[in-house]
$ cat model-v5.cif   # mmCIF, N, CA and C atoms
data_model
#
loop_
_atom_site.label_atom_id
_atom_site.label_comp_id
_atom_site.auth_asym_id
_atom_site.auth_seq_id
_atom_site.Cartn_x
_atom_site.Cartn_y
_atom_site.Cartn_z
N MET N 29 0.84 -1.17 0.00
CA MET N 29 0.00 0.00 0.00
C MET N 29 0.89 1.24 0.00
N LYS N 30 0.53 2.20 -0.88
CA LYS N 30 1.32 3.41 -1.03
C LYS N 30 0.57 4.60 -0.42
N LEU N 31 1.25 5.35 0.40
CA LEU N 31 0.65 6.52 1.02
C LEU N 31 0.87 7.74 0.12
N VAL N 32 -0.22 8.39 -0.22
CA VAL N 32 -0.14 9.56 -1.09
C VAL N 32 -0.47 10.79 -0.26
N ARG N 33 0.40 11.76 -0.31
CA ARG N 33 0.15 13.01 0.39
C ARG N 33 -0.03 14.11 -0.65
N GLU N 34 -1.15 14.74 -0.57
CA GLU N 34 -1.44 15.84 -1.50
C GLU N 34 -1.82 17.07 -0.70
N HIS N 35 -1.47 18.20 -1.27
CA HIS N 35 -1.88 19.46 -0.67
C HIS N 35 -3.22 19.86 -1.29
N ILE N 36 -4.21 20.08 -0.47
CA ILE N 36 -5.53 20.44 -0.96
C ILE N 36 -5.69 21.95 -0.81
N ASN N 37 -5.91 22.61 -1.92
CA ASN N 37 -6.14 24.06 -1.90
C ASN N 37 -7.61 24.32 -1.66
N GLU N 38 -7.90 24.98 -0.59
CA GLU N 38 -9.28 25.35 -0.31
C GLU N 38 -9.61 26.64 -1.04
N LYS N 39 -10.81 26.71 -1.56
CA LYS N 39 -11.21 27.93 -2.27
C LYS N 39 -12.14 28.79 -1.41
N PHE N 40 -11.97 28.71 -0.12
CA PHE N 40 -12.80 29.49 0.80
C PHE N 40 -11.99 30.65 1.34
N SER N 41 -12.67 31.73 1.60
CA SER N 41 -12.03 32.86 2.25
C SER N 41 -12.61 33.01 3.65
N GLU N 42 -11.90 33.71 4.49
CA GLU N 42 -12.40 33.89 5.85
C GLU N 42 -13.66 34.74 5.89
N GLU N 43 -13.82 35.64 4.89
CA GLU N 43 -14.99 36.50 4.86
C GLU N 43 -16.21 35.76 4.30
N GLY N 44 -15.99 34.73 3.51
CA GLY N 44 -17.08 34.03 2.83
C GLY N 44 -17.80 33.03 3.72
N ASP N 45 -18.83 32.46 3.13
CA ASP N 45 -19.61 31.41 3.78
C ASP N 45 -19.31 30.11 3.06
N PRO N 46 -18.64 29.13 3.71
CA PRO N 46 -18.26 27.89 3.04
C PRO N 46 -19.43 27.15 2.39
N ILE N 47 -20.58 27.16 3.03
CA ILE N 47 -21.75 26.47 2.47
C ILE N 47 -22.16 27.13 1.15
N GLN N 48 -22.22 28.46 1.13
CA GLN N 48 -22.56 29.17 -0.11
C GLN N 48 -21.47 29.00 -1.15
N ASP N 49 -20.20 29.04 -0.72
CA ASP N 49 -19.09 28.91 -1.66
C ASP N 49 -19.11 27.56 -2.38
N MET N 50 -19.58 26.53 -1.70
CA MET N 50 -19.67 25.20 -2.32
C MET N 50 -20.93 25.05 -3.18
N GLY N 51 -21.83 26.01 -3.08
CA GLY N 51 -23.05 25.96 -3.88
C GLY N 51 -24.09 24.99 -3.35
N ILE N 52 -24.03 24.71 -2.06
CA ILE N 52 -25.02 23.82 -1.46
C ILE N 52 -25.74 24.56 -0.35
N GLY N 53 -26.75 23.94 0.18
CA GLY N 53 -27.46 24.55 1.29
C GLY N 53 -28.60 25.42 0.83
N GLY N 54 -29.17 26.15 1.75
CA GLY N 54 -30.33 26.97 1.47
C GLY N 54 -29.99 28.28 0.81
N TYR N 55 -31.00 29.03 0.56
CA TYR N 55 -30.85 30.34 -0.05
C TYR N 55 -31.29 31.36 0.98
N SER N 56 -30.78 32.56 0.85
CA SER N 56 -31.10 33.57 1.85
C SER N 56 -31.17 34.95 1.21
N PHE N 57 -31.17 35.95 2.02
CA PHE N 57 -31.23 37.35 1.62
C PHE N 57 -30.16 37.68 0.59
N ASP N 58 -28.95 37.19 0.80
CA ASP N 58 -27.84 37.49 -0.10
C ASP N 58 -28.03 36.91 -1.49
N THR N 59 -28.69 35.79 -1.59
CA THR N 59 -28.85 35.11 -2.87
C THR N 59 -30.22 35.33 -3.49
N LEU N 60 -31.00 36.25 -2.93
CA LEU N 60 -32.37 36.47 -3.39
C LEU N 60 -32.37 37.15 -4.76
N ASN N 61 -33.09 36.55 -5.71
CA ASN N 61 -33.21 37.08 -7.07
C ASN N 61 -34.66 36.99 -7.51
N PRO N 62 -35.03 37.75 -8.57
CA PRO N 62 -36.39 37.62 -9.12
C PRO N 62 -36.68 36.17 -9.52
N GLY N 63 -37.92 35.77 -9.30
CA GLY N 63 -38.32 34.40 -9.60
C GLY N 63 -38.22 33.46 -8.41
N ALA N 64 -37.65 33.93 -7.31
CA ALA N 64 -37.57 33.10 -6.11
C ALA N 64 -38.96 32.94 -5.50
N ILE N 65 -39.14 31.85 -4.80
CA ILE N 65 -40.38 31.63 -4.05
C ILE N 65 -39.99 31.63 -2.58
N ILE N 66 -40.68 32.48 -1.81
CA ILE N 66 -40.41 32.58 -0.38
C ILE N 66 -41.72 32.39 0.38
N HIS N 67 -41.62 32.19 1.68
CA HIS N 67 -42.81 32.23 2.53
C HIS N 67 -42.42 32.66 3.93
N ALA N 68 -43.41 33.19 4.64
CA ALA N 68 -43.21 33.65 6.01
C ALA N 68 -43.04 32.43 6.93
N ILE N 69 -42.20 32.59 7.94
CA ILE N 69 -42.00 31.50 8.90
C ILE N 69 -42.44 31.90 10.31
N VAL N 70 -42.96 33.12 10.46
CA VAL N 70 -43.51 33.55 11.74
C VAL N 70 -44.95 34.02 11.52
N PRO N 71 -45.81 33.82 12.49
CA PRO N 71 -47.22 34.21 12.31
C PRO N 71 -47.43 35.71 12.42
N LYS N 72 -48.56 36.14 11.88
CA LYS N 72 -49.08 37.50 12.04
C LYS N 72 -48.23 38.58 11.39
N LEU N 73 -47.71 38.30 10.19
CA LEU N 73 -47.03 39.33 9.41
C LEU N 73 -48.04 40.00 8.51
N SER N 74 -47.93 41.31 8.37
CA SER N 74 -48.83 42.06 7.51
C SER N 74 -48.10 43.29 6.98
N LEU N 75 -48.21 43.53 5.66
CA LEU N 75 -47.62 44.71 5.05
C LEU N 75 -48.68 45.78 4.84
N LYS N 76 -48.30 47.04 4.95
CA LYS N 76 -49.26 48.14 4.82
C LYS N 76 -49.91 48.14 3.44
N TYR N 77 -51.18 48.50 3.39
CA TYR N 77 -51.92 48.60 2.13
C TYR N 77 -51.37 49.69 1.21
N ASP N 78 -50.77 50.72 1.78
CA ASP N 78 -50.33 51.86 0.97
C ASP N 78 -49.10 51.56 0.11
N ASN N 79 -48.61 50.32 0.17
CA ASN N 79 -47.46 49.87 -0.62
C ASN N 79 -46.19 50.64 -0.28
N SER N 80 -46.12 51.14 0.95
CA SER N 80 -44.92 51.85 1.39
C SER N 80 -43.76 50.91 1.64
N GLY N 81 -44.06 49.62 1.81
CA GLY N 81 -43.01 48.64 2.03
C GLY N 81 -42.79 48.28 3.48
N TYR N 82 -43.58 48.87 4.37
CA TYR N 82 -43.36 48.65 5.79
C TYR N 82 -44.44 47.75 6.39
N PHE N 83 -44.07 47.09 7.47
CA PHE N 83 -44.98 46.16 8.14
C PHE N 83 -45.96 46.92 9.03
N THR N 84 -47.10 46.31 9.29
CA THR N 84 -48.13 46.89 10.14
C THR N 84 -48.73 45.80 11.01
N SER N 85 -49.71 46.15 11.82
CA SER N 85 -50.40 45.17 12.67
C SER N 85 -51.19 44.20 11.81
N TYR N 86 -51.30 42.98 12.30
CA TYR N 86 -52.01 41.94 11.57
C TYR N 86 -53.46 42.35 11.35
N ASP N 87 -54.00 42.06 10.20
CA ASP N 87 -55.36 42.40 9.77
C ASP N 87 -55.56 43.90 9.51
N LYS N 88 -54.49 44.68 9.55
CA LYS N 88 -54.59 46.10 9.19
C LYS N 88 -53.85 46.35 7.88
N GLY N 89 -53.50 45.29 7.19
CA GLY N 89 -52.78 45.40 5.93
C GLY N 89 -52.95 44.12 5.14
N ILE N 90 -51.99 43.83 4.28
CA ILE N 90 -52.00 42.60 3.48
C ILE N 90 -51.31 41.52 4.29
N ASN N 91 -52.07 40.53 4.74
CA ASN N 91 -51.54 39.48 5.60
C ASN N 91 -50.66 38.50 4.82
N LEU N 92 -49.61 38.04 5.47
CA LEU N 92 -48.70 37.05 4.90
C LEU N 92 -48.69 35.82 5.80
N PRO N 93 -49.69 34.94 5.64
CA PRO N 93 -49.76 33.76 6.52
C PRO N 93 -48.54 32.85 6.37
N ILE N 94 -48.26 32.10 7.39
CA ILE N 94 -47.17 31.12 7.34
C ILE N 94 -47.43 30.16 6.18
N ASN N 95 -46.38 29.85 5.45
CA ASN N 95 -46.38 28.90 4.33
C ASN N 95 -47.18 29.37 3.11
N GLN N 96 -47.60 30.64 3.07
CA GLN N 96 -48.23 31.20 1.87
C GLN N 96 -47.11 31.46 0.87
N PRO N 97 -47.09 30.76 -0.27
CA PRO N 97 -46.00 30.98 -1.22
C PRO N 97 -46.10 32.37 -1.84
N LEU N 98 -44.97 33.04 -1.92
CA LEU N 98 -44.89 34.39 -2.47
C LEU N 98 -43.84 34.39 -3.57
N LEU N 99 -44.17 34.96 -4.71
CA LEU N 99 -43.25 35.03 -5.83
C LEU N 99 -42.51 36.36 -5.81
N VAL N 100 -41.19 36.30 -5.79
CA VAL N 100 -40.37 37.51 -5.80
C VAL N 100 -40.32 38.03 -7.23
N TYR N 101 -40.80 39.27 -7.42
CA TYR N 101 -40.85 39.88 -8.74
C TYR N 101 -39.58 40.70 -9.02
N SER N 102 -39.14 41.45 -8.01
CA SER N 102 -37.91 42.23 -8.18
C SER N 102 -37.21 42.40 -6.84
N VAL N 103 -35.90 42.57 -6.92
CA VAL N 103 -35.07 42.78 -5.73
C VAL N 103 -34.05 43.86 -6.08
N ARG N 104 -33.95 44.87 -5.24
CA ARG N 104 -32.91 45.87 -5.45
C ARG N 104 -32.43 46.40 -4.11
N ASN N 105 -31.19 46.85 -4.10
CA ASN N 105 -30.64 47.44 -2.89
C ASN N 105 -31.38 48.74 -2.60
N TYR N 106 -31.67 48.95 -1.34
CA TYR N 106 -32.35 50.17 -0.90
C TYR N 106 -31.30 51.20 -0.48
N ILE N 107 -31.71 52.42 -0.21
CA ILE N 107 -30.76 53.48 0.14
C ILE N 107 -30.07 53.25 1.48
N ILE N 108 -30.67 52.43 2.33
CA ILE N 108 -30.06 52.10 3.62
C ILE N 108 -29.19 50.86 3.42
N PRO N 109 -27.89 50.92 3.73
CA PRO N 109 -27.01 49.76 3.54
C PRO N 109 -27.54 48.52 4.28
N GLY N 110 -27.43 47.36 3.65
CA GLY N 110 -27.90 46.11 4.25
C GLY N 110 -29.40 45.92 4.15
N THR N 111 -30.07 46.76 3.38
CA THR N 111 -31.52 46.71 3.24
C THR N 111 -31.88 46.58 1.77
N LYS N 112 -32.93 45.82 1.48
CA LYS N 112 -33.38 45.64 0.11
C LYS N 112 -34.86 45.98 -0.01
N GLU N 113 -35.22 46.41 -1.21
CA GLU N 113 -36.62 46.59 -1.56
C GLU N 113 -37.00 45.38 -2.40
N ILE N 114 -37.99 44.65 -1.93
CA ILE N 114 -38.41 43.41 -2.57
C ILE N 114 -39.87 43.54 -2.98
N THR N 115 -40.15 43.33 -4.26
CA THR N 115 -41.53 43.35 -4.75
C THR N 115 -41.99 41.91 -4.88
N LEU N 116 -43.16 41.62 -4.34
CA LEU N 116 -43.70 40.25 -4.30
C LEU N 116 -45.07 40.19 -4.95
N TYR N 117 -45.43 39.02 -5.40
CA TYR N 117 -46.80 38.74 -5.83
C TYR N 117 -47.36 37.65 -4.93
N ILE N 118 -48.56 37.89 -4.41
CA ILE N 118 -49.32 36.86 -3.72
C ILE N 118 -50.37 36.41 -4.73
N LEU N 119 -50.23 35.19 -5.24
CA LEU N 119 -51.10 34.74 -6.32
C LEU N 119 -52.03 33.61 -5.92
N THR N 120 -51.54 32.68 -5.13
CA THR N 120 -52.30 31.46 -4.87
C THR N 120 -51.79 30.78 -3.61
N GLN N 121 -52.59 29.93 -3.05
CA GLN N 121 -52.15 29.10 -1.92
C GLN N 121 -51.40 27.87 -2.41
N SER N 122 -51.57 27.52 -3.68
CA SER N 122 -50.99 26.30 -4.23
C SER N 122 -49.57 26.54 -4.74
N ILE N 123 -48.63 25.81 -4.21
CA ILE N 123 -47.24 25.94 -4.64
C ILE N 123 -47.08 25.48 -6.09
N GLU N 124 -47.87 24.51 -6.53
CA GLU N 124 -47.78 24.03 -7.91
C GLU N 124 -48.20 25.12 -8.90
N GLU N 125 -49.29 25.82 -8.60
CA GLU N 125 -49.74 26.92 -9.46
C GLU N 125 -48.71 28.04 -9.49
N LEU N 126 -48.14 28.34 -8.35
CA LEU N 126 -47.14 29.40 -8.28
C LEU N 126 -45.89 29.01 -9.07
N ARG N 127 -45.50 27.75 -9.02
CA ARG N 127 -44.34 27.29 -9.79
C ARG N 127 -44.58 27.45 -11.30
N ALA N 128 -45.80 27.15 -11.74
CA ALA N 128 -46.13 27.32 -13.16
C ALA N 128 -46.04 28.80 -13.55
N THR N 129 -46.56 29.69 -12.72
CA THR N 129 -46.48 31.12 -12.98
C THR N 129 -45.02 31.57 -12.97
N ARG N 130 -44.25 31.02 -12.06
CA ARG N 130 -42.82 31.35 -11.95
C ARG N 130 -42.08 30.98 -13.22
N GLU N 131 -42.36 29.80 -13.77
CA GLU N 131 -41.70 29.35 -14.99
C GLU N 131 -41.99 30.31 -16.15
N THR N 132 -43.24 30.75 -16.24
CA THR N 132 -43.61 31.73 -17.28
C THR N 132 -42.85 33.02 -17.06
N PHE N 133 -42.77 33.47 -15.83
CA PHE N 133 -42.06 34.70 -15.49
C PHE N 133 -40.58 34.59 -15.86
N ILE N 134 -39.95 33.47 -15.52
CA ILE N 134 -38.53 33.29 -15.81
C ILE N 134 -38.28 33.24 -17.31
N SER N 135 -39.14 32.54 -18.06
CA SER N 135 -38.91 32.40 -19.50
C SER N 135 -39.22 33.68 -20.28
N THR N 136 -40.23 34.44 -19.86
CA THR N 136 -40.62 35.64 -20.61
C THR N 136 -40.06 36.93 -20.01
N GLY N 137 -39.73 36.89 -18.72
CA GLY N 137 -39.26 38.09 -18.04
C GLY N 137 -40.38 39.03 -17.63
N ARG N 138 -41.61 38.62 -17.88
CA ARG N 138 -42.77 39.45 -17.52
C ARG N 138 -43.75 38.65 -16.68
N LEU N 139 -44.51 39.36 -15.91
CA LEU N 139 -45.54 38.74 -15.09
C LEU N 139 -46.77 39.63 -15.16
N THR N 140 -47.82 39.13 -15.76
CA THR N 140 -49.05 39.91 -15.88
C THR N 140 -50.23 39.06 -15.42
N PRO N 141 -50.28 38.80 -14.12
CA PRO N 141 -51.40 37.99 -13.63
C PRO N 141 -52.70 38.79 -13.69
N THR N 142 -53.79 38.08 -13.90
CA THR N 142 -55.09 38.74 -13.94
C THR N 142 -55.67 38.91 -12.54
N TRP N 143 -55.05 38.32 -11.55
CA TRP N 143 -55.51 38.45 -10.17
C TRP N 143 -54.31 38.33 -9.25
N GLY N 144 -54.53 38.56 -7.98
CA GLY N 144 -53.46 38.49 -7.00
C GLY N 144 -53.09 39.87 -6.50
N SER N 145 -52.13 39.93 -5.60
CA SER N 145 -51.71 41.20 -5.00
C SER N 145 -50.22 41.42 -5.24
N LYS N 146 -49.89 42.59 -5.73
CA LYS N 146 -48.49 42.98 -5.86
C LYS N 146 -48.18 43.88 -4.67
N ILE N 147 -47.18 43.50 -3.91
CA ILE N 147 -46.80 44.25 -2.71
C ILE N 147 -45.29 44.44 -2.68
N ARG N 148 -44.85 45.37 -1.88
CA ARG N 148 -43.41 45.54 -1.73
C ARG N 148 -43.07 45.63 -0.26
N MET N 149 -41.86 45.23 0.05
CA MET N 149 -41.39 45.38 1.42
C MET N 149 -39.96 45.90 1.39
N ILE N 150 -39.65 46.69 2.38
CA ILE N 150 -38.30 47.21 2.59
C ILE N 150 -37.82 46.53 3.86
N ILE N 151 -36.75 45.75 3.73
CA ILE N 151 -36.39 44.88 4.84
C ILE N 151 -34.88 44.69 4.92
N SER N 152 -34.37 44.61 6.15
CA SER N 152 -32.94 44.37 6.36
C SER N 152 -32.67 42.87 6.29
N GLU N 153 -31.42 42.54 6.11
CA GLU N 153 -31.02 41.14 6.03
C GLU N 153 -31.38 40.38 7.30
N LYS N 154 -31.07 40.97 8.45
CA LYS N 154 -31.33 40.30 9.73
C LYS N 154 -32.82 40.00 9.90
N LYS N 155 -33.66 40.99 9.59
CA LYS N 155 -35.10 40.82 9.73
C LYS N 155 -35.64 39.80 8.71
N PHE N 156 -35.17 39.90 7.47
CA PHE N 156 -35.63 38.97 6.43
C PHE N 156 -35.33 37.53 6.84
N ASN N 157 -34.10 37.27 7.27
CA ASN N 157 -33.72 35.90 7.62
C ASN N 157 -34.45 35.36 8.84
N LYS N 158 -35.01 36.26 9.68
CA LYS N 158 -35.82 35.83 10.83
C LYS N 158 -37.27 35.57 10.43
N LEU N 159 -37.78 36.32 9.44
CA LEU N 159 -39.19 36.28 9.11
C LEU N 159 -39.55 35.40 7.90
N PHE N 160 -38.58 35.17 7.01
CA PHE N 160 -38.88 34.48 5.76
C PHE N 160 -37.91 33.35 5.48
N LYS N 161 -38.38 32.43 4.68
CA LYS N 161 -37.53 31.33 4.21
C LYS N 161 -37.63 31.32 2.69
N VAL N 162 -36.48 31.23 2.02
CA VAL N 162 -36.45 31.10 0.58
C VAL N 162 -36.55 29.62 0.27
N ILE N 163 -37.64 29.22 -0.42
CA ILE N 163 -37.83 27.80 -0.67
C ILE N 163 -37.42 27.38 -2.09
N GLU N 164 -37.34 28.34 -3.01
CA GLU N 164 -36.79 28.07 -4.34
C GLU N 164 -36.05 29.31 -4.81
N LYS N 165 -34.87 29.10 -5.37
CA LYS N 165 -34.07 30.25 -5.77
C LYS N 165 -34.62 30.88 -7.05
N GLY N 166 -34.28 32.13 -7.25
CA GLY N 166 -34.66 32.84 -8.44
C GLY N 166 -33.54 32.78 -9.47
N VAL N 167 -33.59 33.68 -10.43
CA VAL N 167 -32.57 33.73 -11.47
C VAL N 167 -32.01 35.15 -11.56
N LYS N 168 -30.74 35.24 -11.85
CA LYS N 168 -30.12 36.55 -12.03
C LYS N 168 -30.53 37.06 -13.40
N LYS N 169 -30.93 38.31 -13.44
CA LYS N 169 -31.35 38.91 -14.71
C LYS N 169 -30.35 39.94 -15.15
#
$ encode --input "model-v5.cif" --output "structure tokens"
Amino acid sequence: MKLVREHINEKFSEEGDPIQDMGIGGYSFDTLNPGAIIHAIVPKLSLKYDNSGYFTSYDKGINLPINQPLLVYSVRNYIIPGTKEITLYILTQSIEELRATRETFISTGRLTPTWGSKIRMIISEKKFNKLFKVIEKGVKK
């Protein structure tokens, strides 16, 4: 038996996240792109009706029930560092229907549903990662 010693070069940096660098694991605020499907993981979330992007008391705005699939329409950095403006569509309770709509959105680059709610939220990374889970990644445009 022959012993082989090899030097393994790691492609990780101290600033990076090894799980993300390997391309495995979940998706989060940093990897959020249009076409992603997310859902709330805490109860009683509600966004203001005025589309200002801010949260309000439950039943005083557009409610985001736990496990309600939400389609991410657009993501952009906001003027406050570490904060993003995310536009979402609430279309259906069915993840299968939302996936079909998502595929159309990804292939055409447009989304023109005849029903549903288009909402936006302005949210920091820390808050997003506490309140939401990304269940399917989007695509870079």
$ atom_distance --input "model-v5.cif" --atom1 "atom CA of Asn79 of chain N" --atom2 "atom CA of Ile147 of chain N"
6.0 Å
$ atom_distance --input "model-v5.cif" --atom1 "atom CA of Ile163 of chain N" --atom2 "atom CA of Ser122 of chain N"
13.7 Å
$ resolve_selection --input "model-v5.cif" --expression "the PyMOL selection byres ((chain N and resi 87) around 8)" --output "ChimeraX atom specification"
/N:72-75,84-86,88-92
$ residues_around --input "model-v5.cif" --residues "Gly166 of chain N" --least-positions-apart "4" --cutoff "5 Å" --atoms "only N, CA and C atoms" --output "mmCIF file with N, CA and C atoms, keeping the file's coordinate frame"
data_model
loop_
_atom_site.group_PDB
_atom_site.id
_atom_site.type_symbol
_atom_site.label_atom_id
_atom_site.label_comp_id
_atom_site.auth_asym_id
_atom_site.auth_seq_id
_atom_site.Cartn_x
_atom_site.Cartn_y
_atom_site.Cartn_z
ATOM 1 N N ASN N 61 -33.090 36.550 -5.710
ATOM 2 C CA ASN N 61 -33.210 37.080 -7.070
ATOM 3 C C ASN N 61 -34.660 36.990 -7.510
ATOM 4 N N PRO N 62 -35.030 37.750 -8.570
ATOM 5 C CA PRO N 62 -36.390 37.620 -9.120
ATOM 6 C C PRO N 62 -36.680 36.170 -9.520
ATOM 7 N N GLY N 63 -37.920 35.770 -9.300
ATOM 8 C CA GLY N 63 -38.320 34.400 -9.600
ATOM 9 C C GLY N 63 -38.220 33.460 -8.410
ATOM 10 N N ALA N 64 -37.650 33.930 -7.310
ATOM 11 C CA ALA N 64 -37.570 33.100 -6.110
ATOM 12 C C ALA N 64 -38.960 32.940 -5.500
#
$ atom_distance --input "model-v5.cif" --atom1 "atom N of Ile94 of chain N" --atom2 "atom C of Pro71 of chain N"
6.2 Å
$ closest_residue --input "model-v5.cif" --among "N:Leu60, N:Gly137, N:Gly110, N:Val162" --to "Gln96 of chain N" --atoms "only C-alpha atoms"
N:Val162
